[in-house]
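protein_36.pdb, holding PDB, C-alpha atoms and all ligand atoms:
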MODEL        1
ATOM      1  CA  MET A   1     -38.103 -52.003  21.980  1.00  0.00           C
ATOM      2  CA  ARG A   2     -38.254 -48.819  24.069  1.00  0.00           C
ATOM      3  CA  SER A   3     -35.158 -46.707  24.469  1.00  0.00           C
ATOM      4  CA  LEU A   4     -33.958 -45.950  27.978  1.00  0.00           C
ATOM      5  CA  GLY A   5     -34.478 -42.261  27.252  1.00  0.00           C
ATOM      6  CA  SER A   6     -38.252 -42.666  26.765  1.00  0.00           C
ATOM      7  CA  ASP A   7     -40.597 -40.589  28.890  1.00  0.00           C
ATOM      8  CA  GLU A   8     -41.855 -43.758  30.538  1.00  0.00           C
ATOM      9  CA  ALA A   9     -38.340 -44.789  31.562  1.00  0.00           C
ATOM     10  CA  LYS A  10     -37.537 -41.279  32.816  1.00  0.00           C
ATOM     11  CA  ARG A  11     -40.768 -41.207  34.824  1.00  0.00           C
ATOM     12  CA  ALA A  12     -40.023 -44.603  36.375  1.00  0.00           C
ATOM     13  CA  ARG A  13     -36.533 -43.417  37.322  1.00  0.00           C
ATOM     14  CA  LEU A  14     -37.838 -40.218  38.906  1.00  0.00           C
ATOM     15  CA  VAL A  15     -40.490 -42.090  40.887  1.00  0.00           C
ATOM     16  CA  ASN A  16     -37.893 -44.571  42.033  1.00  0.00           C
ATOM     17  CA  ASP A  17     -35.599 -41.733  43.185  1.00  0.00           C
ATOM     18  CA  LEU A  18     -38.466 -40.106  45.104  1.00  0.00           C
ATOM     19  CA  LYS A  19     -39.156 -43.451  46.759  1.00  0.00           C
ATOM     20  CA  GLU A  20     -35.509 -43.932  47.733  1.00  0.00           C
ATOM     21  CA  GLU A  21     -35.416 -40.411  49.163  1.00  0.00           C
ATOM     22  CA  GLY A  22     -38.389 -41.363  51.361  1.00  0.00           C
ATOM     23  CA  ILE A  23     -40.666 -38.777  49.724  1.00  0.00           C
ATOM     24  CA  ILE A  24     -42.991 -41.319  48.121  1.00  0.00           C
ATOM     25  CA  ARG A  25     -44.037 -43.614  50.971  1.00  0.00           C
ATOM     26  CA  SER A  26     -47.217 -45.315  49.801  1.00  0.00           C
ATOM     27  CA  ARG A  27     -48.100 -47.606  46.951  1.00  0.00           C
ATOM     28  CA  LYS A  28     -51.058 -45.347  46.057  1.00  0.00           C
ATOM     29  CA  VAL A  29     -48.922 -42.241  45.571  1.00  0.00           C
ATOM     30  CA  LYS A  30     -46.303 -44.234  43.671  1.00  0.00           C
ATOM     31  CA  ASP A  31     -48.945 -45.576  41.282  1.00  0.00           C
ATOM     32  CA  ALA A  32     -50.500 -42.127  40.800  1.00  0.00           C
ATOM     33  CA  MET A  33     -47.119 -40.518  40.024  1.00  0.00           C
ATOM     34  CA  LEU A  34     -46.376 -43.325  37.553  1.00  0.00           C
ATOM     35  CA  ALA A  35     -49.793 -42.999  35.924  1.00  0.00           C
ATOM     36  CA  VAL A  36     -49.585 -39.304  35.011  1.00  0.00           C
ATOM     37  CA  ASN A  37     -47.451 -38.221  32.058  1.00  0.00           C
ATOM     38  CA  ARG A  38     -45.981 -34.911  33.258  1.00  0.00           C
ATOM     39  CA  GLU A  39     -44.785 -34.053  29.739  1.00  0.00           C
ATOM     40  CA  LEU A  40     -48.437 -33.774  28.631  1.00  0.00           C
ATOM     41  CA  PHE A  41     -48.845 -30.794  30.982  1.00  0.00           C
ATOM     42  CA  MET A  42     -45.892 -28.813  29.648  1.00  0.00           C
ATOM     43  CA  ASP A  43     -45.210 -26.594  26.659  1.00  0.00           C
ATOM     44  CA  ILE A  44     -43.392 -28.258  23.762  1.00  0.00           C
ATOM     45  CA  PRO A  45     -39.942 -26.651  24.350  1.00  0.00           C
ATOM     46  CA  LEU A  46     -39.931 -27.875  27.970  1.00  0.00           C
ATOM     47  CA  LYS A  47     -41.228 -31.407  27.412  1.00  0.00           C
ATOM     48  CA  THR A  48     -37.686 -32.822  27.494  1.00  0.00           C
ATOM     49  CA  CYS A  49     -37.314 -31.381  31.042  1.00  0.00           C
ATOM     50  CA  ALA A  50     -40.547 -32.995  32.292  1.00  0.00           C
ATOM     51  CA  TYR A  51     -38.759 -35.512  34.524  1.00  0.00           C
ATOM     52  CA  LEU A  52     -36.291 -33.167  36.146  1.00  0.00           C
ATOM     53  CA  ASP A  53     -37.340 -32.717  39.760  1.00  0.00           C
ATOM     54  CA  ARG A  54     -37.905 -28.957  39.476  1.00  0.00           C
ATOM     55  CA  PRO A  55     -40.668 -26.419  39.106  1.00  0.00           C
ATOM     56  CA  LEU A  56     -40.849 -25.181  35.494  1.00  0.00           C
ATOM     57  CA  PRO A  57     -42.581 -22.223  33.815  1.00  0.00           C
ATOM     58  CA  ILE A  58     -46.095 -22.774  32.404  1.00  0.00           C
ATOM     59  CA  GLY A  59     -46.781 -19.208  31.186  1.00  0.00           C
ATOM     60  CA  SER A  60     -48.490 -16.194  32.804  1.00  0.00           C
ATOM     61  CA  GLY A  61     -45.572 -16.014  35.272  1.00  0.00           C
ATOM     62  CA  GLN A  62     -46.652 -19.270  36.975  1.00  0.00           C
ATOM     63  CA  THR A  63     -44.914 -22.619  37.458  1.00  0.00           C
ATOM     64  CA  ILE A  64     -45.790 -26.315  37.485  1.00  0.00           C
ATOM     65  CA  SER A  65     -44.742 -27.580  40.933  1.00  0.00           C
ATOM     66  CA  ALA A  66     -41.698 -29.845  41.229  1.00  0.00           C
ATOM     67  CA  PRO A  67     -42.560 -33.571  41.285  1.00  0.00           C
ATOM     68  CA  HIS A  68     -41.206 -33.979  44.843  1.00  0.00           C
ATOM     69  CA  MET A  69     -43.578 -31.248  46.108  1.00  0.00           C
ATOM     70  CA  VAL A  70     -46.550 -32.870  44.346  1.00  0.00           C
ATOM     71  CA  ALA A  71     -45.529 -36.219  45.887  1.00  0.00           C
ATOM     72  CA  ILE A  72     -45.141 -34.726  49.400  1.00  0.00           C
ATOM     73  CA  MET A  73     -48.556 -33.098  49.165  1.00  0.00           C
ATOM     74  CA  ALA A  74     -50.127 -36.261  47.713  1.00  0.00           C
ATOM     75  CA  GLU A  75     -48.853 -38.223  50.733  1.00  0.00           C
ATOM     76  CA  GLU A  76     -49.870 -35.598  53.309  1.00  0.00           C
ATOM     77  CA  LEU A  77     -53.385 -35.140  51.856  1.00  0.00           C
ATOM     78  CA  LEU A  78     -54.257 -38.735  52.914  1.00  0.00           C
ATOM     79  CA  CYS A  79     -56.858 -39.081  50.136  1.00  0.00           C
ATOM     80  CA  LYS A  80     -59.346 -41.904  50.082  1.00  0.00           C
ATOM     81  CA  GLU A  81     -61.168 -43.409  47.092  1.00  0.00           C
ATOM     82  CA  GLY A  82     -64.336 -41.492  46.401  1.00  0.00           C
ATOM     83  CA  ASN A  83     -63.176 -38.234  48.057  1.00  0.00           C
ATOM     84  CA  ARG A  84     -64.452 -34.899  46.755  1.00  0.00           C
ATOM     85  CA  VAL A  85     -61.495 -32.550  46.525  1.00  0.00           C
ATOM     86  CA  LEU A  86     -61.005 -28.827  45.947  1.00  0.00           C
ATOM     87  CA  GLU A  87     -57.680 -27.650  44.505  1.00  0.00           C
ATOM     88  CA  ILE A  88     -56.931 -23.917  44.675  1.00  0.00           C
ATOM     89  CA  GLY A  89     -54.638 -23.042  41.731  1.00  0.00           C
ATOM     90  CA  SER A  90     -54.935 -25.393  38.717  1.00  0.00           C
ATOM     91  CA  GLY A  91     -51.869 -24.134  36.846  1.00  0.00           C
ATOM     92  CA  SER A  92     -51.153 -26.787  34.217  1.00  0.00           C
ATOM     93  CA  GLY A  93     -53.542 -29.334  35.749  1.00  0.00           C
ATOM     94  CA  TYR A  94     -50.709 -31.765  36.578  1.00  0.00           C
ATOM     95  CA  HIS A  95     -51.145 -31.797  40.347  1.00  0.00           C
ATOM     96  CA  ALA A  96     -54.919 -32.245  39.972  1.00  0.00           C
ATOM     97  CA  ALA A  97     -54.259 -35.184  37.624  1.00  0.00           C
ATOM     98  CA  VAL A  98     -52.142 -36.925  40.281  1.00  0.00           C
ATOM     99  CA  VAL A  99     -54.810 -36.358  42.956  1.00  0.00           C
ATOM    100  CA  SER A 100     -57.557 -37.550  40.584  1.00  0.00           C
ATOM    101  CA  HIS A 101     -55.812 -40.936  40.554  1.00  0.00           C
ATOM    102  CA  LEU A 102     -55.745 -41.040  44.347  1.00  0.00           C
ATOM    103  CA  VAL A 103     -59.515 -40.504  44.654  1.00  0.00           C
ATOM    104  CA  GLY A 104     -60.348 -42.957  41.853  1.00  0.00           C
ATOM    105  CA  PRO A 105     -63.259 -42.863  39.396  1.00  0.00           C
ATOM    106  CA  GLU A 106     -65.834 -42.437  42.193  1.00  0.00           C
ATOM    107  CA  GLY A 107     -64.039 -39.359  43.489  1.00  0.00           C
ATOM    108  CA  HIS A 108     -63.829 -35.909  41.942  1.00  0.00           C
ATOM    109  CA  VAL A 109     -61.382 -33.002  41.873  1.00  0.00           C
ATOM    110  CA  TYR A 110     -62.745 -29.478  41.473  1.00  0.00           C
ATOM    111  CA  SER A 111     -59.887 -27.156  40.621  1.00  0.00           C
ATOM    112  CA  ILE A 112     -60.152 -23.388  40.534  1.00  0.00           C
ATOM    113  CA  GLU A 113     -57.779 -21.109  38.606  1.00  0.00           C
ATOM    114  CA  ARG A 114     -57.845 -17.298  38.375  1.00  0.00           C
ATOM    115  CA  VAL A 115     -55.837 -16.885  35.131  1.00  0.00           C
ATOM    116  CA  HIS A 116     -58.070 -17.460  32.116  1.00  0.00           C
ATOM    117  CA  GLU A 117     -55.276 -18.798  29.838  1.00  0.00           C
ATOM    118  CA  LEU A 118     -54.143 -21.296  32.485  1.00  0.00           C
ATOM    119  CA  ALA A 119     -57.681 -22.496  33.216  1.00  0.00           C
ATOM    120  CA  MET A 120     -58.113 -23.168  29.468  1.00  0.00           C
ATOM    121  CA  CYS A 121     -54.719 -24.846  29.279  1.00  0.00           C
ATOM    122  CA  ALA A 122     -55.390 -27.071  32.327  1.00  0.00           C
ATOM    123  CA  GLU A 123     -58.723 -28.132  30.853  1.00  0.00           C
ATOM    124  CA  ARG A 124     -57.099 -29.013  27.526  1.00  0.00           C
ATOM    125  CA  ASN A 125     -54.264 -30.939  29.198  1.00  0.00           C
ATOM    126  CA  ILE A 126     -56.676 -32.960  31.320  1.00  0.00           C
ATOM    127  CA  ASP A 127     -58.790 -33.707  28.283  1.00  0.00           C
ATOM    128  CA  GLU A 128     -55.747 -34.852  26.336  1.00  0.00           C
ATOM    129  CA  ALA A 129     -54.671 -37.032  29.251  1.00  0.00           C
ATOM    130  CA  GLY A 130     -58.124 -38.678  29.079  1.00  0.00           C
ATOM    131  CA  ILE A 131     -58.979 -37.910  32.722  1.00  0.00           C
ATOM    132  CA  GLY A 132     -62.728 -37.711  33.417  1.00  0.00           C
ATOM    133  CA  ASN A 133     -63.000 -36.854  37.122  1.00  0.00           C
ATOM    134  CA  ILE A 134     -61.609 -33.296  37.193  1.00  0.00           C
ATOM    135  CA  THR A 135     -63.593 -30.083  36.704  1.00  0.00           C
ATOM    136  CA  ILE A 136     -61.648 -26.854  36.083  1.00  0.00           C
ATOM    137  CA  ILE A 137     -63.350 -23.662  37.221  1.00  0.00           C
ATOM    138  CA  GLU A 138     -62.181 -20.159  36.305  1.00  0.00           C
ATOM    139  CA  GLY A 139     -62.440 -17.831  39.279  1.00  0.00           C
ATOM    140  CA  ASP A 140     -60.948 -16.465  42.498  1.00  0.00           C
ATOM    141  CA  GLY A 141     -60.078 -19.481  44.633  1.00  0.00           C
ATOM    142  CA  SER A 142     -59.098 -17.275  47.591  1.00  0.00           C
ATOM    143  CA  LEU A 143     -62.792 -17.628  48.470  1.00  0.00           C
ATOM    144  CA  GLY A 144     -62.723 -21.403  47.875  1.00  0.00           C
ATOM    145  CA  TYR A 145     -65.556 -22.687  45.705  1.00  0.00           C
ATOM    146  CA  PRO A 146     -68.685 -22.894  47.878  1.00  0.00           C
ATOM    147  CA  GLU A 147     -70.837 -24.103  44.959  1.00  0.00           C
ATOM    148  CA  LYS A 148     -69.621 -27.718  45.326  1.00  0.00           C
ATOM    149  CA  ALA A 149     -68.877 -27.756  49.092  1.00  0.00           C
ATOM    150  CA  PRO A 150     -68.479 -29.631  51.341  1.00  0.00           C
ATOM    151  CA  TYR A 151     -65.167 -31.176  50.320  1.00  0.00           C
ATOM    152  CA  ASP A 152     -63.371 -34.102  51.970  1.00  0.00           C
ATOM    153  CA  ARG A 153     -60.049 -32.553  51.001  1.00  0.00           C
ATOM    154  CA  ILE A 154     -58.947 -29.026  50.072  1.00  0.00           C
ATOM    155  CA  TYR A 155     -55.416 -28.045  49.080  1.00  0.00           C
ATOM    156  CA  TYR A 156     -53.613 -24.890  47.977  1.00  0.00           C
ATOM    157  CA  THR A 157     -50.963 -24.850  45.264  1.00  0.00           C
ATOM    158  CA  CYS A 158     -50.159 -21.192  45.968  1.00  0.00           C
ATOM    159  CA  ALA A 159     -49.197 -19.370  49.152  1.00  0.00           C
ATOM    160  CA  ALA A 160     -51.909 -17.675  51.212  1.00  0.00           C
ATOM    161  CA  PRO A 161     -51.467 -15.104  54.002  1.00  0.00           C
ATOM    162  CA  GLU A 162     -53.762 -17.302  56.123  1.00  0.00           C
ATOM    163  CA  ILE A 163     -56.570 -19.832  55.708  1.00  0.00           C
ATOM    164  CA  PRO A 164     -59.834 -17.887  55.997  1.00  0.00           C
ATOM    165  CA  ASP A 165     -62.888 -19.251  57.827  1.00  0.00           C
ATOM    166  CA  ARG A 166     -64.818 -18.912  54.581  1.00  0.00           C
ATOM    167  CA  VAL A 167     -62.638 -21.626  53.042  1.00  0.00           C
ATOM    168  CA  MET A 168     -62.388 -23.749  56.203  1.00  0.00           C
ATOM    169  CA  ASP A 169     -66.211 -23.754  56.334  1.00  0.00           C
ATOM    170  CA  GLN A 170     -66.227 -25.576  52.976  1.00  0.00           C
ATOM    171  CA  LEU A 171     -64.392 -28.553  54.498  1.00  0.00           C
ATOM    172  CA  ALA A 172     -66.493 -31.545  55.607  1.00  0.00           C
ATOM    173  CA  ASP A 173     -66.302 -32.779  59.199  1.00  0.00           C
ATOM    174  CA  GLY A 174     -63.287 -35.109  59.395  1.00  0.00           C
ATOM    175  CA  GLY A 175     -61.879 -33.449  56.284  1.00  0.00           C
ATOM    176  CA  ILE A 176     -58.300 -32.365  55.671  1.00  0.00           C
ATOM    177  CA  LEU A 177     -57.062 -29.052  54.277  1.00  0.00           C
ATOM    178  CA  LEU A 178     -53.438 -28.708  53.154  1.00  0.00           C
ATOM    179  CA  GLY A 179     -52.543 -25.062  53.214  1.00  0.00           C
ATOM    180  CA  VAL A 180     -49.455 -23.229  52.016  1.00  0.00           C
ATOM    181  CA  VAL A 181     -49.172 -20.337  54.439  1.00  0.00           C
ATOM    182  CA  GLY A 182     -46.591 -17.573  54.528  1.00  0.00           C
ATOM    183  CA  PRO A 183     -45.245 -14.444  52.898  1.00  0.00           C
ATOM    184  CA  SER A 184     -45.534 -13.762  49.195  1.00  0.00           C
ATOM    185  CA  GLY A 185     -42.065 -14.227  47.695  1.00  0.00           C
ATOM    186  CA  GLY A 186     -40.612 -15.739  50.876  1.00  0.00           C
ATOM    187  CA  VAL A 187     -40.386 -19.132  52.527  1.00  0.00           C
ATOM    188  CA  GLN A 188     -43.751 -20.587  53.470  1.00  0.00           C
ATOM    189  CA  ARG A 189     -44.979 -23.563  55.440  1.00  0.00           C
ATOM    190  CA  LEU A 190     -47.131 -26.493  54.406  1.00  0.00           C
ATOM    191  CA  ILE A 191     -49.750 -26.915  57.127  1.00  0.00           C
ATOM    192  CA  ARG A 192     -52.252 -29.749  57.502  1.00  0.00           C
ATOM    193  CA  TYR A 193     -55.547 -28.826  59.135  1.00  0.00           C
ATOM    194  CA  THR A 194     -57.906 -31.622  60.179  1.00  0.00           C
ATOM    195  CA  LYS A 195     -61.478 -30.714  61.044  1.00  0.00           C
ATOM    196  CA  GLU A 196     -62.720 -32.587  64.094  1.00  0.00           C
ATOM    197  CA  GLY A 197     -66.210 -31.285  64.863  1.00  0.00           C
ATOM    198  CA  GLU A 198     -65.839 -27.731  66.172  1.00  0.00           C
ATOM    199  CA  ARG A 199     -62.092 -28.170  66.536  1.00  0.00           C
ATOM    200  CA  VAL A 200     -59.391 -27.850  63.867  1.00  0.00           C
ATOM    201  CA  LYS A 201     -56.149 -29.720  64.478  1.00  0.00           C
ATOM    202  CA  GLU A 202     -53.081 -28.029  62.969  1.00  0.00           C
ATOM    203  CA  GLU A 203     -49.854 -29.820  61.985  1.00  0.00           C
ATOM    204  CA  ARG A 204     -46.870 -27.866  60.673  1.00  0.00           C
ATOM    205  CA  LEU A 205     -45.166 -29.815  57.899  1.00  0.00           C
ATOM    206  CA  THR A 206     -42.283 -28.918  55.589  1.00  0.00           C
ATOM    207  CA  ARG A 207     -41.097 -25.465  54.511  1.00  0.00           C
ATOM    208  CA  CYS A 208     -41.790 -24.618  50.880  1.00  0.00           C
ATOM    209  CA  VAL A 209     -41.820 -21.850  48.266  1.00  0.00           C
ATOM    210  CA  PHE A 210     -44.939 -21.327  46.152  1.00  0.00           C
ATOM    211  CA  VAL A 211     -46.232 -18.486  43.962  1.00  0.00           C
ATOM    212  CA  PRO A 212     -48.666 -16.201  45.832  1.00  0.00           C
ATOM    213  CA  LEU A 213     -52.436 -16.629  46.010  1.00  0.00           C
ATOM    214  CA  ILE A 214     -53.769 -13.471  44.401  1.00  0.00           C
ATOM    215  CA  GLY A 215     -57.339 -12.427  45.082  1.00  0.00           C
ATOM    216  CA  GLU A 216     -59.871 -11.005  47.497  1.00  0.00           C
ATOM    217  CA  LEU A 217     -58.611 -13.057  50.461  1.00  0.00           C
ATOM    218  CA  GLY A 218     -55.076 -13.449  49.107  1.00  0.00           C
ATOM    219  CA  TYR A 219     -52.199 -11.109  48.297  1.00  0.00           C
TER     220      TYR A 219
HETATM  221  N1  LIG B 301     -50.636 -27.244  40.669  1.00  0.00           N
HETATM  222  C1  LIG B 301     -50.194 -26.575  39.493  1.00  0.00           C
HETATM  223  C2  LIG B 301     -49.259 -25.448  39.797  1.00  0.00           C
HETATM  224  C3  LIG B 301     -49.975 -24.312  40.356  1.00  0.00           C
HETATM  225  S1  LIG B 301     -49.049 -22.826  40.462  1.00  0.00           S
HETATM  226  C4  LIG B 301     -49.595 -27.526  38.486  1.00  0.00           C
HETATM  227  O1  LIG B 301     -49.506 -28.710  38.764  1.00  0.00           O
HETATM  228  O2  LIG B 301     -49.262 -27.066  37.400  1.00  0.00           O
HETATM  229  C5  LIG B 301     -50.242 -21.892  41.374  1.00  0.00           C
HETATM  230  C6  LIG B 301     -51.439 -21.475  40.584  1.00  0.00           C
HETATM  231  O3  LIG B 301     -52.311 -20.765  41.473  1.00  0.00           O
HETATM  232  C7  LIG B 301     -51.141 -20.519  39.426  1.00  0.00           C
HETATM  233  O4  LIG B 301     -51.629 -21.060  38.243  1.00  0.00           O
HETATM  234  C8  LIG B 301     -51.897 -19.253  39.811  1.00  0.00           C
HETATM  235  O5  LIG B 301     -52.440 -18.557  38.709  1.00  0.00           O
HETATM  236  C9  LIG B 301     -52.996 -19.795  40.710  1.00  0.00           C
HETATM  237  N2  LIG B 301     -53.646 -18.832  41.584  1.00  0.00           N
HETATM  238  C10 LIG B 301     -53.120 -17.787  42.273  1.00  0.00           C
HETATM  239  N3  LIG B 301     -54.067 -17.128  42.955  1.00  0.00           N
HETATM  240  C11 LIG B 301     -55.245 -17.788  42.703  1.00  0.00           C
HETATM  241  C12 LIG B 301     -56.593 -17.601  43.116  1.00  0.00           C
HETATM  242  N4  LIG B 301     -56.960 -16.616  43.924  1.00  0.00           N
HETATM  243  N5  LIG B 301     -57.526 -18.467  42.660  1.00  0.00           N
HETATM  244  C13 LIG B 301     -57.188 -19.486  41.829  1.00  0.00           C
HETATM  245  N6  LIG B 301     -55.941 -19.697  41.396  1.00  0.00           N
HETATM  246  C14 LIG B 301     -54.976 -18.868  41.832  1.00  0.00           C
ENDMDL
END
Reformat the file's structure so that it appears as structure tokens.
Ligand code: SAH
Amino acid sequence: MRSLGSDEAKRARLVNDLKEEGIIRSRKVKDAMLAVNRELFMDIPLKTCAYLDRPLPIGSGQTISAPHMVAIMAEELLCKEGNRVLEIGSGSGYHAAVVSHLVGPEGHVYSIERVHELAMCAERNIDEAGIGNITIIEGDGSLGYPEKAPYDRIYYTCAAPEIPDRVMDQLADGGILLGVVGPSGGVQRLIRYTKEGERVKEERLTRCVFVPLIGELGY
């Protein structure tokens, strides 16, 4: 018999809370959040905190995003099975793991991380979680990752001063880019850009606070 304090029970409770708060709205996002063991992506001393709805430190001065922010972004990214996705800022690999469930085995998540130790850590975590459709790349994601473009979806997990054309150009026609735009160390805005031929539709979503994008086209 499983105790009520098991990670599985805590995860189910958190997902249920996020659903009741109206943050998780779709069956797909609910299933993805239930499928990924957040504790696998955290250092041993913090594993017991894995199902608190908060960002937590993952080393190198960076944080794993709070579950509610991952859920909001998972809903707003409107992923489809088979999508090719670029994530800018792998961190622990947790967010990429959730999105990898949304795109299914035919889809793929390319995730770029500038900090060597975190790129290694994300790769190890994803391996341990037994996820096969994520590739971690070490490099400056402020330039995107043109090598595997075009992408159906691109999203930032760190705050950029703006979304450069060089990254927007890597988005497929009809594709969606979720950007975190705003000042480093201040309050930023989640913005959804949808590419419609020559036009890019822009929708301002929730306010948020992310670590800065550091690099050639970042801070
Ligand atoms: N999604 C992650 C959290 C990411 S925190 C998770 O689930 O754990 C934001 C990450 O963006 C940090 O790891 C930071 O090192 C990375 N980052 C910042 N600037 C970057 C850049 N130019 N290219 C790639 N990664 C960058």
(request) Produce as a PyMOL selection string the set of residues near ligand LIG 301 (chain B), where near means within 7 Å with all atoms listed in the file considered. (result) chain A and resi 62-65+88-96+112-115+118+139-142+157-158+211-215+218
(request) Quick one: everything within 10 Å of His116 of chain A, counting all atoms listed in the file, minus sequence neighbours fewer than 5 positions away in the same chain. Send it as a ChimeraX atom specification. (result) /A:60,121-122,137-139
(request) Please indicate the distance in Å from atom CA of Lys195 of chain A to atom CA of Met168 of chain A, rounded to one decimal place. (result) 8.5 Å
(message) List the spatial neighbours of Glu128 of chain A as a ChimeraX atom specification - criterion: any atom at most 12 Å away, only C-alpha atoms, same-chain residues fewer than 3 positions off excluded.
(response) /A:36-41,93-94,97,121-125,131-132
(request) For segment 72-86 of chain A, list every protein, DNA or RNA residue within 10 Å, evaluated using only C-alpha atoms, and leave out those in the same chain fewer than 6 positions away; present the list as number ranges by chain. (result) A: 18, 22-26, 28-30, 32-33, 95-96, 98-112, 133-135, 141, 144-146, 148-157, 170-172, 175-179, 190-193, 205-206
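Atom pair atom CA of Ala160 of chain A / atom CA of Val180 of chain A has a distance of 6.1 Å (rounded to one decimal).
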Could you put an axis-aligned box around every listed atom of segment 36-47 of chain A, padded by 4 Å on each side, and send me its centre and edge lengths in Å to one decimal, as JSON?
{"center_x": -44.8, "center_y": -32.9, "center_z": 29.4, "size_x": 17.7, "size_y": 20.7, "size_z": 19.2}
Could you write out as a PDB file with C-alpha atoms, in the frame of the given file the residues that the PyMOL selection byres (((chain A and resi 46-53) around 7) and not hetatm) matches in the shown file?
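Just written: expr-v2.pdb:
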ATOM      1  CA  LYS A  10     -37.537 -41.279  32.816  1.00  0.00           C
ATOM      2  CA  ARG A  11     -40.768 -41.207  34.824  1.00  0.00           C
ATOM      3  CA  LEU A  14     -37.838 -40.218  38.906  1.00  0.00           C
ATOM      4  CA  ARG A  38     -45.981 -34.911  33.258  1.00  0.00           C
ATOM      5  CA  GLU A  39     -44.785 -34.053  29.739  1.00  0.00           C
ATOM      6  CA  MET A  42     -45.892 -28.813  29.648  1.00  0.00           C
ATOM      7  CA  ASP A  43     -45.210 -26.594  26.659  1.00  0.00           C
ATOM      8  CA  ILE A  44     -43.392 -28.258  23.762  1.00  0.00           C
ATOM      9  CA  PRO A  45     -39.942 -26.651  24.350  1.00  0.00           C
ATOM     10  CA  ARG A  54     -37.905 -28.957  39.476  1.00  0.00           C
ATOM     11  CA  ALA A  66     -41.698 -29.845  41.229  1.00  0.00           C
ATOM     12  CA  PRO A  67     -42.560 -33.571  41.285  1.00  0.00           C
ATOM     13  CA  HIS A  68     -41.206 -33.979  44.843  1.00  0.00           C
TER      14      HIS A  68
END
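Interatomic distance, atom CA of Ala35 of chain A to atom CA of Ile136 of chain A: 20.0 Å.
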(message) If the PyMOL selection byres (((chain A and resi 184) around 8) and not hetatm) were run on this exact file, what residues would it hold? Put them as a PyMOL selection string.
(response) chain A and resi 159-161+182-183+185-186+211-212+219
Output the selection as a PDB file, keeping the file's coordinate frame - C-alpha atoms for each residue.
ATOM      1  CA  ALA A 159     -49.197 -19.370  49.152  1.00  0.00           C
ATOM      2  CA  ALA A 160     -51.909 -17.675  51.212  1.00  0.00           C
ATOM      3  CA  PRO A 161     -51.467 -15.104  54.002  1.00  0.00           C
ATOM      4  CA  GLY A 182     -46.591 -17.573  54.528  1.00  0.00           C
ATOM      5  CA  PRO A 183     -45.245 -14.444  52.898  1.00  0.00           C
ATOM      6  CA  GLY A 185     -42.065 -14.227  47.695  1.00  0.00           C
ATOM      7  CA  GLY A 186     -40.612 -15.739  50.876  1.00  0.00           C
ATOM      8  CA  VAL A 211     -46.232 -18.486  43.962  1.00  0.00           C
ATOM      9  CA  PRO A 212     -48.666 -16.201  45.832  1.00  0.00           C
ATOM     10  CA  TYR A 219     -52.199 -11.109  48.297  1.00  0.00           C
TER      11      TYR A 219
END
(message) Measuring between all atoms listed in the file, which one of A:Asp17, A:Glu117, A:Pro164, A:Pro55 shows the shortest distance to Met69 of chain A?
(response)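 So, comparing all the options, the nearest one is A:Pro55.
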(message) So, with all atoms listed in the file as the atoms that count, which of A:Ala129, A:Val200, A:Val167, A:Ile58 lies closest to Glu87 of chain A?
(response) A:Val167
